[in-house]
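start.csv follows; it contains CSV, C-alpha atoms.
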chain,number,residue,atom,x,y,z
A,861,MET,CA,108.8,148.6,57.0
A,862,ALA,CA,108.5,145.0,56.0
A,863,ALA,CA,106.2,144.1,53.1
A,864,LEU,CA,102.9,142.5,54.0
A,865,THR,CA,102.4,139.0,52.8
A,866,SER,CA,98.6,139.1,52.5
A,867,PHE,CA,95.6,141.4,52.8
A,868,ASN,CA,94.8,139.8,56.2
A,869,GLU,CA,97.8,141.7,57.6
A,870,PHE,CA,96.4,145.1,56.4
A,871,VAL,CA,94.8,146.7,59.4
A,872,GLY,CA,91.5,148.5,59.2
A,873,ASN,CA,89.3,149.9,56.4
A,874,ASP,CA,88.1,146.4,55.5
A,875,GLU,CA,85.2,147.6,53.4
A,876,SER,CA,87.4,149.9,51.3
A,877,VAL,CA,90.0,147.3,50.7
A,878,GLN,CA,87.4,144.6,49.9
A,879,GLN,CA,85.8,146.9,47.3
A,880,VAL,CA,89.0,147.4,45.4
A,881,ARG,CA,89.9,143.7,45.6
A,882,THR,CA,86.4,142.8,44.3
A,883,ALA,CA,86.9,145.3,41.4
A,884,ILE,CA,90.2,143.6,40.5
A,885,ALA,CA,88.7,140.2,40.6
A,886,ALA,CA,85.9,141.3,38.3
A,887,GLY,CA,88.2,143.1,35.9
A,888,ARG,CA,86.6,146.5,36.7
A,889,LEU,CA,89.4,148.3,38.5
A,890,PRO,CA,89.6,151.9,37.2
A,891,HIS,CA,92.8,152.6,35.3
A,892,SER,CA,93.2,155.7,37.4
A,893,LEU,CA,92.8,155.3,41.2
A,894,LEU,CA,93.1,157.9,44.0
A,895,ILE,CA,93.9,156.5,47.5
A,896,THR,CA,93.2,159.1,50.2
A,897,GLY,CA,93.8,159.1,53.9
A,898,PRO,CA,95.9,160.6,56.7
A,899,LEU,CA,99.6,160.2,57.0
A,900,GLY,CA,100.4,156.6,58.1
A,901,ALA,CA,97.0,155.2,57.1
A,902,GLY,CA,98.6,152.7,54.8
A,903,LYS,CA,98.1,154.3,51.4
A,904,TYR,CA,101.5,153.4,50.0
A,905,THR,CA,101.3,149.9,51.5
A,906,LEU,CA,97.9,149.3,49.9
A,907,ALA,CA,99.2,150.6,46.5
A,908,ILE,CA,102.1,148.1,46.6
A,909,MET,CA,99.7,145.3,47.5
A,910,LEU,CA,97.4,146.3,44.6
A,911,ALA,CA,100.4,146.3,42.2
A,912,GLN,CA,101.2,142.8,43.4
A,913,THR,CA,97.6,141.7,43.0
A,914,LEU,CA,97.4,143.0,39.4
A,915,ASN,CA,100.7,141.3,38.4
A,916,CYS,CA,100.9,138.1,40.6
A,917,GLU,CA,101.8,135.2,38.4
A,918,ARG,CA,99.4,132.9,40.2
A,919,GLN,CA,96.4,135.2,40.4
A,920,PRO,CA,94.9,133.6,43.5
A,921,ARG,CA,91.4,134.4,44.8
A,922,ASP,CA,89.8,134.5,48.3
A,923,LEU,CA,86.1,133.4,48.3
A,924,LEU,CA,83.8,135.0,50.8
A,925,SER,CA,80.9,133.0,52.4
A,926,ASN,CA,78.5,135.0,50.2
A,927,GLY,CA,80.2,133.9,47.0
A,928,ILE,CA,82.1,137.1,46.3
A,929,SER,CA,85.5,136.6,44.9
A,930,LEU,CA,88.4,138.8,46.2
A,931,ALA,CA,91.6,139.2,44.2
A,932,THR,CA,94.8,138.7,46.2
A,933,PHE,CA,98.5,137.8,45.6
A,934,CYS,CA,100.8,134.9,46.4
A,935,GLY,CA,103.7,137.0,47.8
A,936,VAL,CA,106.3,134.5,46.6
A,937,CYS,CA,106.3,134.6,42.8
A,938,ALA,CA,109.0,136.6,41.0
A,939,ASN,CA,106.6,139.5,40.3
A,940,CYS,CA,105.3,139.7,43.9
A,941,THR,CA,108.7,139.6,45.5
A,942,ARG,CA,110.3,142.2,43.1
A,943,ILE,CA,107.4,144.6,43.6
A,944,ALA,CA,107.6,144.1,47.4
A,945,GLU,CA,111.2,145.3,47.3
A,946,ALA,CA,109.8,148.9,46.9
A,947,THR,CA,107.9,148.7,50.2
A,948,ALA,CA,110.7,150.3,52.2
A,949,LEU,CA,110.6,153.5,50.1
A,950,SER,CA,112.8,155.9,52.1
A,951,PRO,CA,116.1,154.1,51.8
A,952,LEU,CA,115.5,153.6,48.0
A,953,ILE,CA,114.9,157.4,47.6
A,954,GLU,CA,118.0,158.2,49.7
A,955,THR,CA,120.1,155.9,47.4
A,956,ALA,CA,118.7,157.5,44.3
A,957,VAL,CA,119.3,161.0,45.6
A,958,ALA,CA,122.9,160.1,46.6
A,959,ALA,CA,123.5,158.7,43.1
A,960,ARG,CA,122.2,161.9,41.5
A,961,ASP,CA,124.4,164.0,43.7
A,962,GLU,CA,127.5,162.2,42.3
A,963,MET,CA,126.6,163.1,38.7
A,964,ARG,CA,128.0,165.9,36.7
A,965,GLU,CA,126.1,169.2,37.1
A,966,VAL,CA,124.7,169.1,33.6
A,967,ASP,CA,123.4,165.5,34.1
A,968,LYS,CA,122.1,166.2,37.6
A,969,LYS,CA,119.7,168.9,36.3
A,970,GLU,CA,118.1,166.5,33.9
A,971,THR,CA,117.8,163.5,36.3
A,972,ARG,CA,114.6,163.0,38.2
A,973,ILE,CA,114.0,160.6,41.1
A,974,LEU,CA,112.1,157.4,40.1
A,975,ILE,CA,112.0,154.1,42.0
A,976,GLN,CA,111.8,150.9,40.1
A,977,THR,CA,112.4,147.4,41.6
A,978,HIS,CA,110.2,145.7,38.9
A,979,PRO,CA,110.4,146.7,35.2
A,980,ASP,CA,106.6,147.2,35.0
A,981,VAL,CA,106.0,149.0,38.3
A,982,LEU,CA,107.3,152.6,38.7
A,983,VAL,CA,107.1,154.6,41.9
A,984,VAL,CA,107.1,158.4,41.5
A,985,PRO,CA,108.0,160.2,44.8
A,986,PRO,CA,108.2,164.0,45.2
A,987,ASP,CA,111.5,165.1,43.8
A,988,PRO,CA,114.0,166.8,46.2
A,989,PRO,CA,114.7,169.4,47.2
A,990,GLN,CA,111.4,171.1,46.4
A,991,LEU,CA,109.5,167.8,47.1
A,992,LEU,CA,107.2,168.2,44.2
A,993,ILE,CA,106.2,165.8,41.4
A,994,LYS,CA,108.0,167.4,38.4
A,995,LEU,CA,107.5,167.5,34.7
A,996,GLY,CA,110.4,165.2,34.0
A,997,GLN,CA,109.0,162.5,36.2
A,998,VAL,CA,105.6,162.6,34.5
A,999,ARG,CA,107.2,162.6,31.1
A,1000,SER,CA,109.1,159.4,32.1
A,1001,VAL,CA,105.7,157.8,33.0
A,1002,ILE,CA,104.1,158.9,29.7
A,1003,HIS,CA,107.1,157.5,27.8
A,1004,SER,CA,107.0,154.2,29.7
A,1005,ALA,CA,103.2,153.9,29.3
A,1006,GLN,CA,103.6,153.9,25.5
A,1007,ARG,CA,105.3,150.5,25.7
A,1008,ALA,CA,103.6,147.3,26.6
A,1009,PRO,CA,104.6,145.5,29.8
A,1010,SER,CA,107.7,143.4,29.5
A,1011,GLU,CA,107.4,140.9,32.4
A,1012,ALA,CA,104.0,141.3,34.0
A,1013,PRO,CA,100.3,141.6,32.8
A,1014,ARG,CA,100.0,145.2,33.8
A,1015,LYS,CA,102.0,148.3,34.2
A,1016,VAL,CA,101.5,150.2,37.5
A,1017,TYR,CA,102.5,153.8,38.2
A,1018,ILE,CA,102.3,154.9,41.9
A,1019,PHE,CA,102.5,158.7,42.6
A,1020,THR,CA,103.2,158.9,46.3
A,1021,ALA,CA,102.1,162.5,46.9
A,1022,ALA,CA,99.6,165.0,45.6
A,1023,GLN,CA,102.0,168.0,45.3
A,1024,PHE,CA,102.5,168.5,41.5
A,1025,MET,CA,104.2,171.3,39.6
A,1026,LYS,CA,101.6,172.9,37.4
A,1027,GLU,CA,103.1,171.6,34.1
A,1028,ALA,CA,103.5,168.1,35.6
A,1029,ALA,CA,99.8,168.0,36.6
A,1030,ASN,CA,98.7,169.2,33.2
A,1031,SER,CA,100.8,166.5,31.5
A,1032,LEU,CA,99.5,163.8,33.8
A,1033,LEU,CA,95.9,164.8,32.9
A,1034,LYS,CA,96.5,163.9,29.3
A,1035,LEU,CA,97.6,160.3,30.3
A,1036,LEU,CA,94.6,160.0,32.7
A,1037,GLU,CA,92.2,160.9,29.9
A,1038,GLU,CA,93.4,158.1,27.6
A,1039,PRO,CA,95.4,155.5,29.5
A,1040,PRO,CA,96.6,152.4,27.7
A,1041,PRO,CA,94.5,149.3,28.5
A,1042,TYR,CA,97.4,147.6,30.3
A,1043,ALA,CA,98.3,150.7,32.5
A,1044,HIS,CA,97.1,151.6,36.0
A,1045,LEU,CA,97.9,154.9,37.7
A,1046,ILE,CA,97.6,155.1,41.4
A,1047,LEU,CA,97.7,158.5,43.1
A,1048,LEU,CA,98.2,158.9,46.9
A,1049,ALA,CA,96.9,162.0,48.7
A,1050,GLU,CA,96.5,163.1,52.3
A,1051,ASN,CA,94.5,166.1,51.0
A,1052,PRO,CA,92.9,165.3,47.6
A,1053,GLY,CA,92.1,169.1,47.3
A,1054,GLU,CA,95.7,169.6,46.3
A,1055,LEU,CA,95.1,167.8,43.1
A,1056,LEU,CA,93.4,169.5,40.1
A,1057,PRO,CA,89.7,168.9,40.0
A,1058,THR,CA,90.1,167.5,36.5
A,1059,ILE,CA,92.5,164.9,37.8
A,1060,ARG,CA,90.2,163.9,40.7
A,1061,SER,CA,87.2,163.6,38.4
A,1062,ARG,CA,89.1,161.0,36.3
A,1063,CYS,CA,90.0,158.7,39.2
A,1064,GLY,CA,88.2,156.1,41.2
A,1065,VAL,CA,88.5,156.8,44.9
A,1066,VAL,CA,89.5,154.6,47.8
A,1067,ARG,CA,89.2,156.3,51.2
A,1068,LEU,CA,91.2,155.0,54.1
A,1069,GLY,CA,89.8,156.3,57.4
A,1070,GLN,CA,91.1,156.2,61.0
A,1071,VAL,CA,91.4,152.9,62.8
A,1072,PRO,CA,89.5,153.0,66.2
A,1073,ALA,CA,91.7,153.3,69.2
A,1074,GLU,CA,90.6,150.0,70.7
A,1075,GLU,CA,91.4,148.2,67.5
A,1076,MET,CA,94.8,150.0,67.3
A,1077,GLU,CA,95.6,148.8,70.9
A,1078,MET,CA,95.1,145.2,69.8
A,1079,VAL,CA,97.3,145.7,66.8
A,1080,LEU,CA,100.0,147.2,69.0
A,1081,ALA,CA,99.7,144.4,71.6
A,1082,GLU,CA,100.5,142.0,68.8
A,1083,ARG,CA,103.2,144.0,67.0
A,1084,ARG,CA,104.8,146.0,69.8
A,1085,PRO,CA,104.6,143.5,72.8
A,1086,GLU,CA,107.6,145.3,74.4
A,1087,TRP,CA,105.3,148.3,75.1
A,1088,LYS,CA,103.4,148.5,78.4
A,1089,PRO,CA,99.5,148.6,78.1
A,1090,ALA,CA,99.5,152.3,79.1
A,1091,GLN,CA,102.0,153.1,76.4
A,1092,ARG,CA,99.9,151.2,73.8
A,1093,ALA,CA,96.8,153.1,74.9
A,1094,LEU,CA,98.7,156.4,74.6
A,1095,VAL,CA,100.2,155.6,71.1
A,1096,ALA,CA,96.8,154.4,69.9
A,1097,ARG,CA,95.4,157.8,70.5
A,1098,LEU,CA,98.3,160.0,69.5
A,1099,SER,CA,98.6,158.2,66.1
A,1100,GLU,CA,95.1,159.4,65.3
A,1101,GLY,CA,94.0,156.1,63.7
A,1102,ALA,CA,97.0,155.8,61.4
A,1103,VAL,CA,98.6,152.3,61.7
A,1104,GLY,CA,101.9,153.2,60.1
A,1105,ARG,CA,102.3,156.2,62.4
A,1106,ALA,CA,101.5,154.0,65.4
A,1107,LEU,CA,103.9,151.2,64.6
A,1108,GLY,CA,106.7,153.7,63.9
A,1109,PHE,CA,106.0,155.9,67.0
A,1110,ASP,CA,109.0,156.7,69.1
A,1111,ILE,CA,107.3,156.4,72.5
A,1112,ALA,CA,110.5,157.0,74.5
A,1113,ALA,CA,111.3,160.3,72.7
A,1114,TYR,CA,107.7,161.5,73.0
A,1115,GLN,CA,107.5,160.8,76.7
A,1116,ALA,CA,110.8,162.6,77.3
A,1117,ALA,CA,109.6,165.6,75.3
A,1118,ARG,CA,106.2,165.5,77.1
A,1119,THR,CA,108.0,165.5,80.5
A,1120,ASP,CA,109.7,168.8,79.5
A,1121,ALA,CA,106.4,170.2,78.2
A,1122,LEU,CA,104.7,169.4,81.5
A,1123,VAL,CA,107.5,171.4,83.3
A,1124,ILE,CA,106.4,174.4,81.2
A,1125,LEU,CA,102.7,173.9,81.9
A,1126,ARG,CA,103.3,173.4,85.7
A,1127,GLY,CA,105.4,176.5,85.9
A,1128,ALA,CA,102.8,178.5,84.0
A,1129,VAL,CA,99.9,177.5,86.3
A,1130,ALA,CA,101.5,177.1,89.7
A,1131,ASP,CA,102.9,179.9,92.0
A,1132,THR,CA,106.3,178.4,92.4
A,1133,ASP,CA,109.8,179.3,91.6
A,1134,HIS,CA,111.0,178.4,88.1
A,1135,SER,CA,114.3,176.7,88.9
A,1136,ALA,CA,113.0,173.4,87.4
A,1137,LEU,CA,112.0,175.2,84.3
A,1138,PHE,CA,115.4,177.0,83.9
A,1139,ARG,CA,117.2,173.7,84.4
A,1140,MET,CA,115.1,172.1,81.7
A,1141,THR,CA,115.4,174.8,79.1
A,1142,GLU,CA,119.2,175.0,79.6
A,1143,SER,CA,119.4,171.6,77.9
A,1144,TYR,CA,117.9,173.0,74.7
A,1145,ARG,CA,121.1,173.9,72.9
A,1146,ALA,CA,121.9,175.2,69.4
A,1147,GLY,CA,122.6,173.0,66.5
A,1148,ALA,CA,120.6,170.5,64.5
A,1149,GLU,CA,120.1,168.1,67.5
A,1150,GLY,CA,118.8,171.0,69.6
A,1151,GLN,CA,116.4,172.0,66.9
A,1152,VAL,CA,114.9,168.4,66.7
A,1153,LYS,CA,114.6,168.3,70.4
A,1154,THR,CA,112.8,171.6,70.6
A,1155,SER,CA,110.5,170.7,67.7
A,1156,THR,CA,109.6,167.4,69.4
A,1157,MET,CA,108.9,169.1,72.7
A,1158,LEU,CA,106.7,171.8,71.1
A,1159,SER,CA,104.7,169.0,69.3
A,1160,ALA,CA,104.2,167.3,72.7
A,1161,LEU,CA,103.2,170.6,74.2
A,1162,ALA,CA,100.7,171.1,71.4
A,1163,SER,CA,99.2,167.7,72.1
A,1164,LEU,CA,98.8,168.6,75.8
A,1165,LEU,CA,97.1,171.9,74.9
A,1166,GLN,CA,94.7,170.1,72.6
A,1167,ASP,CA,93.8,167.8,75.5
A,1168,LEU,CA,93.2,170.7,77.8
A,1169,LEU,CA,91.0,172.2,75.2
A,1170,SER,CA,89.0,169.0,75.0
A,1171,ILE,CA,88.5,168.9,78.7
A,1172,LEU,CA,87.4,172.6,78.8
A,1173,SER,CA,85.0,172.0,75.9
A,1174,GLY,CA,83.3,169.1,77.7
A,1175,VAL,CA,84.5,166.3,75.5
A,1176,PRO,CA,87.1,164.6,77.7
A,1177,GLU,CA,86.7,161.4,75.7
A,1178,ARG,CA,88.9,163.1,73.0
A,1179,VAL,CA,91.9,163.3,75.4
A,1180,ARG,CA,94.8,161.5,73.9
A,1181,ASN,CA,97.3,161.6,76.7
A,1182,VAL,CA,95.2,159.3,78.7
A,1183,ASP,CA,98.0,158.1,81.0
A,1184,ILE,CA,98.3,161.5,82.7
A,1185,ARG,CA,94.6,162.4,82.7
A,1186,PRO,CA,94.5,163.3,86.4
A,1187,GLU,CA,97.2,165.9,86.0
A,1188,LEU,CA,95.5,167.3,82.9
A,1189,ASP,CA,92.3,167.7,84.8
A,1190,LYS,CA,94.2,169.6,87.6
A,1191,ILE,CA,95.8,171.9,85.1
A,1192,SER,CA,92.5,172.6,83.3
A,1193,GLY,CA,91.1,174.0,86.5
A,1194,ASN,CA,93.7,176.8,86.3
A,1195,VAL,CA,93.4,177.9,82.6
A,1196,ASP,CA,90.7,179.0,80.2
A,1197,PHE,CA,90.2,179.2,76.5
A,1198,ALA,CA,91.9,182.6,76.2
A,1199,TRP,CA,94.9,181.2,78.0
A,1200,ILE,CA,95.2,178.3,75.6
A,1201,GLU,CA,94.9,180.6,72.6
A,1202,ARG,CA,97.8,182.8,74.0
A,1203,ALA,CA,99.8,179.6,74.6
A,1204,VAL,CA,99.4,178.6,70.9
A,1205,VAL,CA,100.5,182.1,69.8
A,1206,GLY,CA,103.5,181.9,72.1
A,1207,MET,CA,104.5,178.5,70.6
A,1208,ASP,CA,104.3,180.1,67.2
A,1209,LYS,CA,106.7,182.8,68.4
A,1210,VAL,CA,109.2,180.2,69.6
A,1211,ARG,CA,109.1,178.4,66.3
A,1212,SER,CA,109.6,181.7,64.5
A,1213,GLY,CA,112.6,182.4,66.7
A,1214,MET,CA,114.0,179.0,65.9
A,1215,ARG,CA,113.9,179.9,62.2
A,1216,ARG,CA,115.9,183.1,63.1
A,1217,ASN,CA,118.4,181.1,65.1
A,1218,LEU,CA,117.5,182.8,68.4
A,1219,LEU,CA,118.7,181.0,71.6
A,1220,ARG,CA,116.2,178.3,72.2
A,1221,SER,CA,116.7,178.2,76.0
A,1222,LEU,CA,115.9,181.9,76.2
A,1223,ALA,CA,113.0,181.7,73.9
A,1224,LEU,CA,111.5,178.9,76.0
A,1225,ASP,CA,112.1,180.7,79.2
A,1226,ALA,CA,110.4,183.8,77.8
A,1227,PHE,CA,107.5,181.8,76.6
A,1228,ALA,CA,107.0,180.1,80.0
A,1229,GLU,CA,107.3,183.3,81.9
A,1230,GLU,CA,104.8,185.0,79.6
A,1231,MET,CA,102.2,182.2,80.1
A,1232,ALA,CA,102.8,182.3,83.9
A,1233,GLY,CA,102.0,186.0,83.9
A,1234,VAL,CA,98.6,185.6,82.2
A,1235,LYS,CA,97.2,182.5,83.9
A,1236,ARG,CA,93.6,182.7,84.9

So, in terms of structure tokens, how does the structure I just supplied come out?
Amino acid sequence: MAALTSFNEFVGNDESVQQVRTAIAAGRLPHSLLITGPLGAGKYTLAIMLAQTLNCERQPRDLLSNGISLATFCGVCANCTRIAEATALSPLIETAVAARDEMREVDKKETRILIQTHPDVLVVPPDPPQLLIKLGQVRSVIHSAQRAPSEAPRKVYIFTAAQFMKEAANSLLKLLEEPPPYAHLILLAENPGELLPTIRSRCGVVRLGQVPAEEMEMVLAERRPEWKPAQRALVARLSEGAVGRALGFDIAAYQAARTDALVILRGAVADTDHSALFRMTESYRAGAEGQVKTSTMLSALASLLQDLLSILSGVPERVRNVDIRPELDKISGNVDFAWIERAVVGMDKVRSGMRRNLLRSLALDAFAEEMAGVKR
């Protein structure tokens, strides 16, 4: 994902973003900040932009009509550009993990994954393979925080997840209680409840909510012009208000998976032969590729079941697969709440079978046959 060059490019949550920019301009930004929101809401993107704003060499300001000053960043100075290099985080983590794998075993055990494209901005991701923030990572932050910044006004530490090992969380708490005046710690969390209450209580909070579907469609029209309007409407709802998720959505893979999921649903509610079903499930082979394909199809099926539940519950405005609404209405007339509950249980059985390396095609056949036998 490319770095954003100004706050004008950050989509949604204008009030939350404005509040934190106002705090920086007034010199009142908390030294410990918790950014919460769903996956893809822009938490990490915002954290990088805040790090740039705190350390921009030019320290520009945007002035609102009411006289309020908003901190921003130039995007072109040495500090801004080096910090922006950490925007595409996944490749940097993959490179760091690969470098660790090449180490001697004794060194590998002592090495923790940390990302640093600027000497005063440190990104702390969950450490593989457990994907937890570990004690060694927090100790590195504490050690770094004891030294003043070398090239920028502030030191910024970004923890990209809320999953901490117990010892790591306790060590971080000590730094949160007495942070150096030049240090800012930014924690990102989909579920703040995963953090210790004592950590949450010491952080200022920025909440990123869902972007409305209509606004998301406008964003997609600008940034994904190759998609058809119906595809943009579909992705805007499937992404559940998360801009990052919407922009990275693989619409072709989803629609292919949904086509197969509809074969299962049609076979379950119609009195027809199941030859189409068997032809479809035969393509779900063993191996890693087959596992990904099956997982994607089950996710699409779950989305369809949620839409059926919304229709049966009398809230059709919550339907996400809006491009196939007529077919969903037709299917909903042949199922009830108990059927949907059994379908969910059946999906869980298929996933469990995948973990035990059962033949996926047979598991899907059995699931579809079972659902056809209990339709309303």

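The space between atom CA of A:Ile884 and atom CA of A:Phe867 spans 13.6 Å.
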
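Our summary of the geometry notes that atom CA of A:Gln997 is positioned 18.4 Å from atom CA of A:Leu893.
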
Which residues are close to A:Leu1169, i.e. within 9 Å by all atoms listed in the file, leaving aside same-chain residues fewer than 4 positions away? Reply as JSON, numbers by chain. {"A": [1164, 1165, 1173, 1174, 1175, 1176, 1179, 1192, 1196, 1197, 1200]}

re atom CA of A:Pro979 and atom CA of A:Ile908: distance 14.2 Å

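Comparing A:Pro920, A:Leu889, A:Gly935, A:Asn1051 by their smallest distance to A:Ser866, the closest is A:Gly935 (using all atoms listed in the file).
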
Just checking: using only C-alpha atoms, which residue out of A:Pro1040, A:Asp1110, A:Pro985, A:Thr913 ends up closest to A:Pro1009? A:Pro1040

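Omitting stretch 1024-1032 of chain A and its sequence neighbours fewer than 5 positions away, and counting only C-alpha atoms, the residues within 8 Å are Leu992, Ile993, Lys994, Leu995, Gly996, Gln997, Val998, Arg999, Ile1002, Leu1055 and Leu1056 of chain A.
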
Quick one: everything within 10 Å of A:Asn1181, counting only C-alpha atoms, minus sequence neighbours fewer than 3 positions away in the same chain. Send it as a ChimeraX atom specification. /A:1090-1091,1093-1098,1118,1160,1163-1164,1166-1167,1178,1184-1185,1188

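With only C-alpha atoms as the atoms that count, the residue of A:Leu1068, A:Ile1171, A:Ala1128, A:Leu1158 with the shortest distance to A:Tyr904 is A:Leu1068.
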
Can you pull out the residues contacting A:Pro890? Cut-off 10 Å, using only C-alpha atoms, and skip same-chain residues under 6 positions away; I want them as a count of residues only. 11

I'd like to know which of A:Ala1021, A:Val871, A:Ala1116, A:Ala1228 is closest to A:Ala1130, using only C-alpha atoms. A:Ala1228

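With distances taken over all atoms listed in the file, A:Ser892 is the one residue among A:Gln919, A:Ser892, A:Gln1115, A:Gln990 lying closest to A:Tyr1017.
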
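Ranking A:Leu952, A:Val1182, A:Met963, A:His1003 by their shortest atom-to-atom distance to A:Pro1089, with all atoms listed in the file included, puts A:Val1182 first.
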